[in-house]
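Undergrad: You'll find coords.cif just under this line, and it carries mmCIF, C-alpha atoms.
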data_protein
loop_
_atom_site.label_atom_id
_atom_site.label_comp_id
_atom_site.auth_asym_id
_atom_site.auth_seq_id
_atom_site.Cartn_x
_atom_site.Cartn_y
_atom_site.Cartn_z
CA MET A 1182 116.28 257.92 251.05
CA LEU A 1183 114.18 257.07 254.08
CA ASP A 1184 110.90 255.27 253.42
CA VAL A 1185 107.82 257.19 254.59
CA ARG A 1186 105.91 254.04 255.53
CA ARG A 1187 108.74 252.95 257.81
CA LEU A 1188 108.95 256.42 259.32
CA ARG A 1189 105.26 256.12 260.16
CA LEU A 1190 105.89 252.80 261.91
CA LEU A 1191 108.69 254.38 263.96
CA ARG A 1192 106.43 257.32 264.86
CA ASP A 1193 103.70 254.92 265.90
CA LEU A 1194 106.14 252.92 268.01
CA ALA A 1195 106.93 256.13 269.89
CA GLN A 1196 103.18 256.60 270.47
CA HIS A 1197 102.10 253.02 271.25
CA GLY A 1198 105.20 251.82 273.07
CA THR A 1199 105.34 248.23 271.77
CA ILE A 1200 105.86 246.54 268.43
CA ALA A 1201 102.78 244.39 269.08
CA ALA A 1202 100.60 247.50 269.45
CA VAL A 1203 102.01 249.00 266.24
CA ALA A 1204 101.36 245.72 264.42
CA ALA A 1205 97.75 245.68 265.63
CA ALA A 1206 97.21 249.29 264.54
CA HIS A 1207 98.45 248.52 261.01
CA THR A 1208 97.11 244.94 260.76
CA TYR A 1209 100.67 243.68 260.33
CA THR A 1210 102.38 240.86 262.16
CA PRO A 1211 104.88 241.88 264.86
CA SER A 1212 107.66 240.20 262.88
CA ALA A 1213 106.77 242.29 259.81
CA VAL A 1214 106.96 245.50 261.86
CA SER A 1215 110.31 244.43 263.34
CA GLN A 1216 111.66 243.73 259.86
CA GLN A 1217 110.53 247.12 258.56
CA LEU A 1218 112.10 248.91 261.52
CA ALA A 1219 115.34 246.97 261.05
CA THR A 1220 115.37 248.07 257.40
CA LEU A 1221 114.80 251.67 258.50
CA GLU A 1222 117.81 251.40 260.82
CA ARG A 1223 119.96 250.21 257.91
CA GLU A 1224 118.70 253.10 255.78
CA ALA A 1225 119.47 255.56 258.58
CA GLY A 1226 122.90 254.07 259.25
CA VAL A 1227 122.47 254.46 263.01
CA ALA A 1228 120.75 252.52 265.81
CA LEU A 1229 117.19 253.76 266.28
CA LEU A 1230 116.03 251.13 268.80
CA ALA A 1231 117.59 249.74 271.96
CA ARG A 1232 116.48 246.14 272.45
CA THR A 1233 116.41 244.50 275.89
CA GLY A 1234 114.91 241.03 275.77
CA ARG A 1235 111.42 241.43 274.30
CA THR A 1236 111.19 245.18 274.90
CA VAL A 1237 112.41 248.01 272.69
CA ALA A 1238 113.01 251.67 273.38
CA LEU A 1239 113.95 254.53 271.11
CA THR A 1240 117.54 255.68 271.16
CA PRO A 1241 118.30 259.42 271.11
CA ALA A 1242 118.72 259.13 267.33
CA GLY A 1243 115.39 257.32 267.13
CA ARG A 1244 113.62 260.07 269.09
CA ALA A 1245 115.21 262.72 266.85
CA LEU A 1246 114.04 260.88 263.75
CA VAL A 1247 110.49 260.62 265.16
CA ALA A 1248 110.39 264.41 265.49
CA HIS A 1249 111.40 264.75 261.84
CA ALA A 1250 108.90 262.04 260.86
CA GLU A 1251 106.12 264.15 262.37
CA GLU A 1252 107.17 267.05 260.15
CA VAL A 1253 107.32 264.81 257.06
CA LEU A 1254 103.88 263.31 257.70
CA ALA A 1255 102.36 266.74 258.33
CA ALA A 1256 103.90 267.98 255.06
CA LEU A 1257 102.29 265.08 253.20
CA GLU A 1258 98.94 265.97 254.77
CA ARG A 1259 99.38 269.57 253.63
CA ALA A 1260 100.15 268.36 250.10
CA GLY A 1261 96.98 266.27 250.10
CA ALA A 1262 94.99 269.26 251.36
CA ALA A 1263 96.38 271.46 248.56
CA LEU A 1264 95.38 268.90 245.94
CA ALA A 1265 91.89 268.62 247.43
CA ALA A 1266 91.56 272.41 247.33
CA ALA A 1267 92.44 272.39 243.61
CA ARG A 1268 89.48 270.17 242.79
CA ALA A 1269 86.08 271.63 241.97
CA GLY A 1270 83.62 271.23 244.82
CA LEU A 1271 83.76 269.11 247.95
CA SER A 1272 83.27 265.39 247.56
CA GLY A 1273 84.31 262.11 249.12
CA PRO A 1274 84.23 260.89 252.71
CA LEU A 1275 84.56 262.98 255.84
CA ARG A 1276 84.81 260.66 258.86
CA ILE A 1277 83.84 262.36 262.11
CA GLY A 1278 84.27 261.16 265.68
CA ALA A 1279 82.31 262.66 268.56
CA PHE A 1280 81.45 261.98 272.18
CA PRO A 1281 77.80 261.22 273.06
CA THR A 1282 76.64 264.63 274.29
CA ALA A 1283 78.12 266.33 271.21
CA MET A 1284 76.39 263.74 269.01
CA ARG A 1285 73.06 264.70 270.55
CA THR A 1286 73.44 268.48 270.82
CA LEU A 1287 76.16 269.98 268.59
CA LEU A 1288 76.39 267.74 265.53
CA PRO A 1289 72.84 267.40 264.11
CA PRO A 1290 72.48 271.01 262.86
CA VAL A 1291 76.08 270.96 261.59
CA LEU A 1292 75.42 267.82 259.54
CA VAL A 1293 72.25 269.36 258.09
CA ARG A 1294 74.14 272.53 257.14
CA LEU A 1295 77.04 270.65 255.55
CA ALA A 1296 74.80 268.26 253.63
CA ALA A 1297 72.88 271.20 252.16
CA ALA A 1298 76.00 273.16 251.22
CA HIS A 1299 78.08 270.20 249.98
CA PRO A 1300 75.79 267.35 248.87
CA ALA A 1301 78.69 265.33 247.40
CA LEU A 1302 80.46 265.24 250.77
CA GLU A 1303 79.96 261.80 252.33
CA LEU A 1304 79.50 262.45 256.04
CA SER A 1305 79.86 259.61 258.52
CA VAL A 1306 79.89 259.92 262.31
CA GLN A 1307 81.12 257.50 264.96
CA GLU A 1308 80.34 257.85 268.66
CA LEU A 1309 83.53 257.56 270.71
CA ASP A 1310 85.04 258.41 274.05
CA PRO A 1311 87.72 261.09 273.55
CA ALA A 1312 90.33 258.75 275.06
CA VAL A 1313 90.40 256.63 271.88
CA VAL A 1314 90.26 259.50 269.37
CA PRO A 1315 94.00 260.33 269.07
CA ARG A 1316 94.86 256.83 267.87
CA MET A 1317 92.04 256.86 265.31
CA LEU A 1318 93.08 260.26 263.95
CA ARG A 1319 96.72 259.21 263.70
CA ASP A 1320 95.90 256.04 261.75
CA ALA A 1321 93.44 257.97 259.51
CA THR A 1322 90.40 256.01 260.66
CA LEU A 1323 88.94 259.47 261.41
CA ASP A 1324 89.45 262.80 259.63
CA VAL A 1325 88.15 265.12 262.36
CA ALA A 1326 86.78 264.65 265.86
CA LEU A 1327 85.14 266.47 268.71
CA VAL A 1328 87.06 265.81 271.91
CA HIS A 1329 86.93 267.15 275.43
CA ASP A 1330 89.05 267.27 278.52
CA TYR A 1331 88.65 268.59 282.05
CA ASP A 1332 90.61 270.87 284.35
CA LEU A 1333 91.28 267.79 286.47
CA VAL A 1334 92.00 265.50 283.50
CA PRO A 1335 94.00 267.46 280.92
CA ILE A 1336 94.94 265.77 277.65
CA GLU A 1337 98.64 265.48 276.89
CA PRO A 1338 99.65 267.28 273.66
CA ASP A 1339 100.10 264.94 270.70
CA PRO A 1340 102.65 266.10 268.09
CA ALA A 1341 100.70 264.35 265.33
CA LEU A 1342 97.48 266.26 266.06
CA ARG A 1343 96.19 269.81 266.25
CA THR A 1344 93.13 271.15 268.06
CA ALA A 1345 90.95 274.26 267.89
CA PRO A 1346 88.90 275.43 270.92
CA LEU A 1347 85.12 275.34 270.60
CA LEU A 1348 83.33 275.45 273.92
CA ASP A 1349 83.90 275.70 277.67
CA GLU A 1350 81.25 274.15 279.90
CA THR A 1351 80.29 274.26 283.55
CA ILE A 1352 80.25 270.96 285.46
CA PHE A 1353 77.30 270.39 287.82
CA ILE A 1354 76.63 268.11 290.74
CA ALA A 1355 73.31 266.39 290.02
CA ALA A 1356 71.60 265.47 293.29
CA PRO A 1357 68.17 265.50 295.01
CA GLY A 1358 69.01 268.89 296.49
CA PRO A 1359 71.79 271.50 296.56
CA ARG A 1360 75.13 269.84 297.26
CA ASP A 1361 78.82 270.56 297.24
CA LEU A 1362 81.44 267.86 296.72
CA ALA A 1363 82.25 267.62 300.40
CA GLY A 1364 78.58 267.08 301.17
CA CYS A 1365 78.48 264.06 298.81
CA ARG A 1366 81.10 262.06 300.73
CA ASP A 1367 78.58 259.52 302.01
CA GLU A 1368 76.34 259.46 298.94
CA PRO A 1369 76.27 256.60 296.44
CA TRP A 1370 77.68 257.72 293.08
CA ILE A 1371 76.79 257.13 289.43
CA LEU A 1372 79.97 257.12 287.34
CA ALA A 1373 80.82 256.59 283.69
CA SER A 1374 82.59 253.42 282.64
CA PRO A 1375 86.14 252.94 283.96
CA GLY A 1376 88.73 254.11 281.45
CA THR A 1377 86.66 257.03 280.17
CA LEU A 1378 87.62 260.66 280.79
CA CYS A 1379 84.31 261.31 282.57
CA HIS A 1380 84.98 258.48 285.02
CA THR A 1381 88.49 259.73 285.75
CA MET A 1382 87.25 263.30 286.19
CA THR A 1383 84.66 262.32 288.81
CA VAL A 1384 87.14 260.21 290.75
CA ARG A 1385 89.72 263.02 290.76
CA ALA A 1386 87.15 265.64 291.77
CA CYS A 1387 86.09 263.55 294.76
CA GLU A 1388 89.70 262.80 295.69
CA ALA A 1389 90.42 266.53 295.61
CA ALA A 1390 87.56 266.89 298.14
CA GLY A 1391 89.23 264.29 300.37
CA TYR A 1392 87.47 260.99 299.60
CA THR A 1393 86.99 258.22 297.07
CA PRO A 1394 83.46 258.04 295.62
CA ARG A 1395 81.36 255.02 296.62
CA VAL A 1396 80.20 253.80 293.21
CA ARG A 1397 76.76 252.21 292.94
CA HIS A 1398 76.11 252.39 289.18
CA HIS A 1399 78.03 252.88 285.93
CA ALA A 1400 76.29 254.68 283.05
CA ASP A 1401 77.76 256.56 280.08
CA ASP A 1402 74.58 258.18 278.81
CA PHE A 1403 73.81 261.34 280.77
CA VAL A 1404 70.07 261.04 280.15
CA THR A 1405 70.27 257.73 282.00
CA VAL A 1406 72.46 259.27 284.68
CA LEU A 1407 69.95 262.06 285.37
CA THR A 1408 67.08 259.55 285.39
CA PHE A 1409 68.93 257.48 287.97
CA VAL A 1410 69.57 260.55 290.12
CA ALA A 1411 65.84 261.37 289.95
CA ALA A 1412 65.12 257.79 291.06
CA GLY A 1413 67.23 258.27 294.19
CA GLN A 1414 70.01 255.98 292.98
CA GLY A 1415 72.88 258.34 293.71
CA VAL A 1416 74.58 261.58 292.74
CA ALA A 1417 76.67 262.37 289.68
CA LEU A 1418 78.70 265.02 287.89
CA VAL A 1419 77.09 266.27 284.68
CA PRO A 1420 78.50 268.68 282.05
CA GLU A 1421 76.50 271.64 280.75
CA LEU A 1422 75.74 270.07 277.34
CA ALA A 1423 74.03 267.18 279.12
CA ALA A 1424 72.06 269.39 281.52
CA VAL A 1425 68.90 269.54 279.40
CA ASP A 1426 65.44 268.19 280.14
CA VAL A 1427 66.47 267.70 283.77
CA PRO A 1428 63.95 265.42 285.54
CA ALA A 1429 61.84 266.74 288.37
CA GLY A 1430 63.53 266.40 291.73
CA VAL A 1431 67.07 266.80 290.39
CA VAL A 1432 68.98 269.92 291.41
CA LEU A 1433 72.10 270.98 289.49
CA THR A 1434 74.76 272.79 291.53
CA PRO A 1435 77.62 274.35 289.50
CA LEU A 1436 81.23 273.56 290.32
CA PRO A 1437 84.26 275.72 289.53
CA THR A 1438 85.80 272.96 287.35
CA ARG A 1439 85.25 273.14 283.59
CA ARG A 1440 85.03 270.84 280.59
CA ARG A 1441 86.63 272.06 277.36
CA THR A 1442 85.47 270.85 273.93
CA ARG A 1443 87.85 271.08 270.98
CA LEU A 1444 87.94 270.15 267.32
CA ALA A 1445 90.84 267.75 266.64
CA PHE A 1446 92.48 266.82 263.35
CA ARG A 1447 95.83 265.59 262.02
CA ALA A 1448 98.65 268.09 261.71
CA GLY A 1449 98.70 269.42 258.15
CA THR A 1450 94.97 268.90 257.46
CA GLU A 1451 93.75 272.19 258.90
CA ARG A 1452 93.59 273.69 255.37
CA HIS A 1453 91.91 270.69 253.80
CA PRO A 1454 88.66 272.07 252.33
CA ALA A 1455 86.46 269.40 253.93
CA VAL A 1456 88.04 269.96 257.35
CA GLU A 1457 87.71 273.73 256.92
CA ALA A 1458 84.05 273.44 255.91
CA PHE A 1459 83.31 271.27 258.94
CA ALA A 1460 85.16 273.66 261.28
CA VAL A 1461 83.25 276.69 259.92
CA ALA A 1462 79.86 274.95 260.20
CA LEU A 1463 80.67 273.72 263.70
CA GLY A 1464 81.88 277.14 264.84
CA SER A 1465 78.67 278.75 263.55
CA GLY A 1466 76.60 276.17 265.40
CA VAL A 1467 78.43 276.73 268.66
CA ALA A 1468 78.15 280.53 268.31
CA THR A 1469 74.37 280.35 267.90
CA ARG A 1470 73.80 277.69 270.56
CA SER A 1471 71.43 278.73 273.33
CA PRO A 1472 73.12 278.61 276.75
#
Please express what this file holds, its structure, as structure tokens.

TA:
Amino acid sequence: MLDVRRLRLLRDLAQHGTIAAVAAAHTYTPSAVSQQLATLEREAGVALLARTGRTVALTPAGRALVAHAEEVLAALERAGAALAAARAGLSGPLRIGAFPTAMRTLLPPVLVRLAAAHPALELSVQELDPAVVPRMLRDATLDVALVHDYDLVPIEPDPALRTAPLLDETIFIAAPGPRDLAGCRDEPWILASPGTLCHTMTVRACEAAGYTPRVRHHADDFVTVLTFVAAGQGVALVPELAAVDVPAGVVLTPLPTRRRTRLAFRAGTERHPAVEAFAVALGSGVATRSP
């Protein structure tokens, strides 16, 4: 019989790429992870890893077992969801991740609605860039999360996760006057921090227009970004959710590119009553949101 904990380590190795990264995710030592994977190989009776010096790669058998591990882990999540549904009332923690503009605009009324309907549900929210959310959902640091991606920066499908669409947004150029991307070639730019999806999106949008943006400032809060644009510090790309209370002197010009917001959760948890309640409350909030 294959051990589920070791299957999870193999699945995470496929995701993270190195034993050191898997060890860090599980607060194990690398040697402990290696030992557990070696034991899993003995249980399987076939080589799962190809070792070359200090690097490891999955063999074809290892990749096949990872696919089955995803099914096993999702089945365990479904079992947990069924047990939760059998209990009376919703209680316990629901750990939510969200990006900053969703924290400010979408989540507050949802949290109020959920707290009123399910007072025993312990809601906690963490502000995160969507780039780090998949890892935190996989390791159960989060239960649900609001994530986004862009036409120019699509998110690769993750077999451990599922998503449900919520909202499509227009992206605007924020500038002192009407602009298109080509007309911003010589402007200084205000970008999000390197490594974030918003930063990558802006760079790719400018590259598609034939140039690399000349970055003057980095800011992740769009209120700050719009304030800097109003102060003549540069131009920026701003999504629709952030285009509120626009300062005087800032003109927003829509672009054809879009940002898509989704609800993300682990495969198998979509019928968990707490996840369902959050999805229903969030969907109602999005449906009644003023454009």

Undergrad: Could you build a table of the residues in stretch 1352-1466 of chain A lying no more than 7 Å from stretch 1317-1327 of chain A, giving for each the nearest pair of atoms and their separation in Å rounded to one decimal place, using all atoms listed in the file, ordered by chain and ascending residue number, as a Markdown table?

TA:
| residue | atom | partner | partner_atom | distance |
| --- | --- | --- | --- | --- |
| A:Thr1442 | CA | A:Leu1327 | CA | 6.8 |
| A:Arg1443 | CA | A:Leu1327 | CA | 5.8 |
| A:Leu1444 | CA | A:Leu1327 | CA | 4.8 |
| A:Ala1445 | CA | A:Ala1326 | CA | 5.2 |
| A:Phe1446 | CA | A:Val1325 | CA | 4.8 |
| A:Arg1447 | CA | A:Leu1318 | CA | 6.3 |
| A:Val1456 | CA | A:Val1325 | CA | 7.0 |

Undergrad: With only C-alpha atoms as the basis for distance, which of A:Leu1188, A:Ala1201, A:Ala1297, A:Ala1267 is at the shortest distance from A:Ala1245?

TA: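 Of A:Leu1188, A:Ala1201, A:Ala1297, A:Ala1267, the one nearest A:Ala1245 is A:Leu1188, counting only C-alpha atoms.
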
Undergrad: Can you translate the PyMOL selection byres ((chain A and resi 1281) around 8) into the concrete residues it hits in this file, as a short mmCIF file (atom, residue, chain, number, x, y, z; two decimals) with C-alpha atoms, keeping the file's coordinate frame?

TA:
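The resulting file, expr_38.cif, is reproduced below:
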data_model
loop_
_atom_site.label_atom_id
_atom_site.label_comp_id
_atom_site.auth_asym_id
_atom_site.auth_seq_id
_atom_site.Cartn_x
_atom_site.Cartn_y
_atom_site.Cartn_z
CA ALA A 1279 82.31 262.66 268.56
CA PHE A 1280 81.45 261.98 272.18
CA THR A 1282 76.64 264.63 274.29
CA ALA A 1283 78.12 266.33 271.21
CA MET A 1284 76.39 263.74 269.01
CA ARG A 1285 73.06 264.70 270.55
CA GLU A 1308 80.34 257.85 268.66
CA LEU A 1309 83.53 257.56 270.71
CA ASP A 1310 85.04 258.41 274.05
CA ASP A 1402 74.58 258.18 278.81
#

Undergrad: Would you please work out which residue, of A:Ala1296, A:Leu1183, A:Thr1240, A:Ala1400, is nearest to A:Leu1271 when using all atoms listed in the file?

TA: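 Nearest to A:Leu1271: A:Ala1296.
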
Undergrad: Report as a list in words all protein, DNA and RNA residues lying within 10 Å of A:Gly1415, evaluated on only C-alpha atoms, omitting residues in the same chain fewer than 4 positions from it.

TA: Ala1355, Ala1356, Pro1357, Cys1365, Glu1368, Pro1369, Trp1370, Ile1371, Leu1372, Arg1395, Val1396, Arg1397, His1398, Val1406, Leu1407, Phe1409, Val1410 and Ala1411 of chain A

Undergrad: Deliver the residues from the most recent selection as a file, using C-alpha atoms, as a compact mmCIF listing (two decimals), in the frame of the given file.

TA:
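File again30.txt, as written:
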# COMPACT_ATOMS: atom_id res chain seq x y z
CA ALA A 1355 73.31 266.39 290.02
CA ALA A 1356 71.60 265.47 293.29
CA PRO A 1357 68.17 265.50 295.01
CA CYS A 1365 78.48 264.06 298.81
CA GLU A 1368 76.34 259.46 298.94
CA PRO A 1369 76.27 256.60 296.44
CA TRP A 1370 77.68 257.72 293.08
CA ILE A 1371 76.79 257.13 289.43
CA LEU A 1372 79.97 257.12 287.34
CA ARG A 1395 81.36 255.02 296.62
CA VAL A 1396 80.20 253.80 293.21
CA ARG A 1397 76.76 252.21 292.94
CA HIS A 1398 76.11 252.39 289.18
CA VAL A 1406 72.46 259.27 284.68
CA LEU A 1407 69.95 262.06 285.37
CA PHE A 1409 68.93 257.48 287.97
CA VAL A 1410 69.57 260.55 290.12
CA ALA A 1411 65.84 261.37 289.95

Undergrad: Find the residues around A:Leu1295 up to 9 Å (only C-alpha atoms counted), leave out those fewer than 3 positions away in its own chain, and share them as a ChimeraX atom specification.

TA: /A:1290-1292,1298-1300,1302,1304,1458-1459,1462

Undergrad: With distances taken over all atoms listed in the file, which of A:Arg1366, A:Arg1316, A:Arg1232, A:Arg1276 is nearest to A:Val1203?

TA: A:Arg1316

Undergrad: The PyMOL selection byres ((chain A and resi 1341) around 8) on the file shown: which residues, as a ChimeraX atom specification?

TA: /A:1251,1255,1319,1339-1340,1342-1343,1447-1448

Undergrad: For each of A:Leu1333, A:Ala1225, A:Ala1219, A:Ala1256, take the minimum atom-to-atom distance to A:Ala1242, counting all atoms listed in the file, then give the residue where this is smallest.

TA: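 Residue with the minimum atom-to-atom distance to A:Ala1242: A:Ala1225.
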
Undergrad: What gap, in Å, lies between atom CA of A:Val1432 and atom CA of A:Pro1359?

TA: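 Distance between the two atoms: 6.1 Å.
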
Undergrad: Quick one: distance from atom CA of A:Gln1217 to atom CA of A:Glu1252 in Å, one decimal?

TA: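 If I compute the distance from atom CA of A:Gln1217 to atom CA of A:Glu1252, I get 20.3 Å.
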
Undergrad: Point out the residue among A:Gln1196, A:Thr1377, A:Thr1210, A:Thr1286 with the least atom-to-atom distance to A:Val1247, counting all atoms listed in the file.

TA: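 Checking each candidate against A:Val1247, we get A:Gln1196 as the closest.
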
Undergrad: Atom CA of A:Ser1272 to atom CA of A:Ala1301: how many Å, to one decimal?

TA: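 If I compute the distance from atom CA of A:Ser1272 to atom CA of A:Ala1301, I get 4.6 Å.
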
Undergrad: Determine the nearest neighbour of A:Leu1418 from the options A:Pro1211, A:Gly1464, A:Pro1435, A:Gly1234, counting all atoms listed in the file.

TA: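 With all atoms listed in the file as the atom set, the closest residue is A:Pro1435.
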
Undergrad: I need the output of the PyMOL selection byres ((chain A and resi 1436) around 6) for this file as a PyMOL selection string; which residues are they?

TA: chain A and resi 1352-1353+1435+1437-1438

Undergrad: Given the point (116.4, 248.6, 261.5) in the file's coordinates, find the residues that have an atom at most 12 Å from it, counting all atoms listed in the file, and give them as an NGL selection string.

TA: :A and (1183-1184 or 1187-1188 or 1190-1191 or 1213-1232 or 1237 or 1239 or 1243)

Undergrad: Create the file for the chosen residues now, containing C-alpha atoms and written as a short mmCIF file (atom, residue, chain, number, x, y, z; two decimals), keeping the file's coordinate frame.

TA:
data_model
loop_
_atom_site.label_atom_id
_atom_site.label_comp_id
_atom_site.auth_asym_id
_atom_site.auth_seq_id
_atom_site.Cartn_x
_atom_site.Cartn_y
_atom_site.Cartn_z
CA LEU A 1183 114.18 257.07 254.08
CA ASP A 1184 110.90 255.27 253.42
CA ARG A 1187 108.74 252.95 257.81
CA LEU A 1188 108.95 256.42 259.32
CA LEU A 1190 105.89 252.80 261.91
CA LEU A 1191 108.69 254.38 263.96
CA ALA A 1213 106.77 242.29 259.81
CA VAL A 1214 106.96 245.50 261.86
CA SER A 1215 110.31 244.43 263.34
CA GLN A 1216 111.66 243.73 259.86
CA GLN A 1217 110.53 247.12 258.56
CA LEU A 1218 112.10 248.91 261.52
CA ALA A 1219 115.34 246.97 261.05
CA THR A 1220 115.37 248.07 257.40
CA LEU A 1221 114.80 251.67 258.50
CA GLU A 1222 117.81 251.40 260.82
CA ARG A 1223 119.96 250.21 257.91
CA GLU A 1224 118.70 253.10 255.78
CA ALA A 1225 119.47 255.56 258.58
CA GLY A 1226 122.90 254.07 259.25
CA VAL A 1227 122.47 254.46 263.01
CA ALA A 1228 120.75 252.52 265.81
CA LEU A 1229 117.19 253.76 266.28
CA LEU A 1230 116.03 251.13 268.80
CA ALA A 1231 117.59 249.74 271.96
CA ARG A 1232 116.48 246.14 272.45
CA VAL A 1237 112.41 248.01 272.69
CA LEU A 1239 113.95 254.53 271.11
CA GLY A 1243 115.39 257.32 267.13
#

Undergrad: I want to know what sits within 12 Å of A:Cys1379, based on only C-alpha atoms, with residues of the same chain fewer than 3 positions away left out; could you give that as a PyMOL selection string?

TA: chain A and resi 1280-1282+1310-1312+1328-1335+1352+1371-1376+1382-1386+1399-1403+1417-1420+1439-1440
